[in-house]
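Enquirer: Please find one structure pasted underneath; my questions will follow.
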Amino acid sequence: MYGYQGVTEPLGPVVMTIGTYDGLHVGHRAIVQNLVRRARKTGARALVYSFYPPPWRVLGRGQHPYLILTLQDKIDAMHKLGVDVLITEEFTPALQVQSHVDFAQDVLRDRLAPQEIHFGYDFRFGKDRQGDAAFLTDFFAGTSTEVRPHGAVRVDGTIVGCSLIRQRICAGEVAAAVPLLGRYHFVSG
């Protein structure tokens, strides 16, 4: 599904995560696998809300402007992990200036209405990245939505992240990226 506005009818109970999920490295997969387990346990649908292109690419941040996975490869990988609904949101200038409060109200609470929201340790959202775990916890306090932040995943003491993976691949250290990705790096074409 492309964009949250494509959700025109209630999705029913959903357990969701939100993030770019480029690479689907071991940290990403830990979150997605956990939400799929929770969805199956609670009778909900597993939903991933993701962005394409990723915000850092649109904003010109980051040393390596390429993606680890193509959009199609990410869609295929999410399907294999058991994700029921993948919403891919285009990251636009309008979305960039949307406040974290408006995003939480309009997208999360009013449109997607999750019973659980899972996200990584460094998740931030909204204009100037003002939304975080503490905000979501307060925002959903007293509602039926549970906020479930996940801690960082480490491999050999190093926090797994896409920037590090990109650095290693660009430096020709593809084998060093394997433990972080949890698979061999590949290129589609």
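In the structure tokens, chains take the letters A, B, ... in the order shown, each chain's residues start at 1, and ligands count up from 1 in the order shown.
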Could you produce a table of the residues of segment 11-41 of chain A lying within 8 Å of segment 150-158 of chain A, with the nearest pair of atoms per residue and their separation in Å rounded to one decimal, using only C-alpha atoms, ordered by chain and increasing residue number, as CSV?
Expert:
```
residue,atom,partner,partner_atom,distance
A:Val26,CA,A:Val153,CA,7.4
A:Gly27,CA,A:Val153,CA,5.2
A:Ile31,CA,A:His150,CA,7.1
```
Enquirer: Of the candidates A:Leu180, A:Val107, A:Met78, A:Ala39, which one gets nearest to Gln167 of chain A if we count only C-alpha atoms?
Expert: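 For Gln167 of chain A, the nearest of the given residues is A:Leu180.
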Enquirer: State, in Å with one decimal place, the distance from atom CA of Gln98 of chain A to atom CA of Thr137 of chain A.
Expert: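 Result for atom CA of Gln98 of chain A versus atom CA of Thr137 of chain A: 19.3 Å, one decimal.
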Enquirer: Determine the nearest neighbour of Gly6 of chain A from the options A:Leu24, A:Ile75, A:Leu69, A:Leu112, counting only C-alpha atoms.
Expert: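 The answer is A:Leu112, which sits nearest to Gly6 of chain A.
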Enquirer: Where does DSSP see strand (DSSP E) in chain A, if you list the residues as a list in words?
Expert: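 Those in chain A that DSSP calls strand (DSSP E) are Val14, Val15, Met16, Thr17, Ile18, Arg45, Ala46, Leu47, Val48, Tyr49, Ser50, Phe51, Val85, Leu86, Ile87, Thr88, Glu89, Glu116, Ile117, His118, Phe119, Glu146, Val147, Arg148, Pro149, Arg154, Val155, Thr158 and Ile159 of chain A.
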Enquirer: Within 10 Å of Ser188 of chain A, counting only C-alpha atoms, which residues show up once you throw out same-chain ones fewer than 4 positions away? Write them as a PyMOL selection string, please.
Expert: chain A and resi 69-70+72-73
Enquirer: Just write the chosen residues, N, CA and C atoms, as a PDB file, in the first residue's frame.
Expert:
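See result_26.pdb below for the written result:
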```pdb
ATOM      1  N   LEU A  69      18.939  -1.804   0.321  1.00  0.00           N
ATOM      2  CA  LEU A  69      17.960  -2.618  -0.404  1.00  0.00           C
ATOM      3  C   LEU A  69      17.148  -1.725  -1.337  1.00  0.00           C
ATOM      4  N   THR A  70      16.796  -2.250  -2.485  1.00  0.00           N
ATOM      5  CA  THR A  70      15.837  -1.547  -3.337  1.00  0.00           C
ATOM      6  C   THR A  70      14.469  -1.639  -2.668  1.00  0.00           C
ATOM      7  N   GLN A  72      11.745  -2.807  -3.931  1.00  0.00           N
ATOM      8  CA  GLN A  72      11.171  -4.134  -4.197  1.00  0.00           C
ATOM      9  C   GLN A  72      11.815  -5.203  -3.319  1.00  0.00           C
ATOM     10  N   ASP A  73      13.138  -5.132  -3.130  1.00  0.00           N
ATOM     11  CA  ASP A  73      13.809  -6.106  -2.257  1.00  0.00           C
ATOM     12  C   ASP A  73      13.301  -5.982  -0.819  1.00  0.00           C
TER      13      ASP A  73
END
```
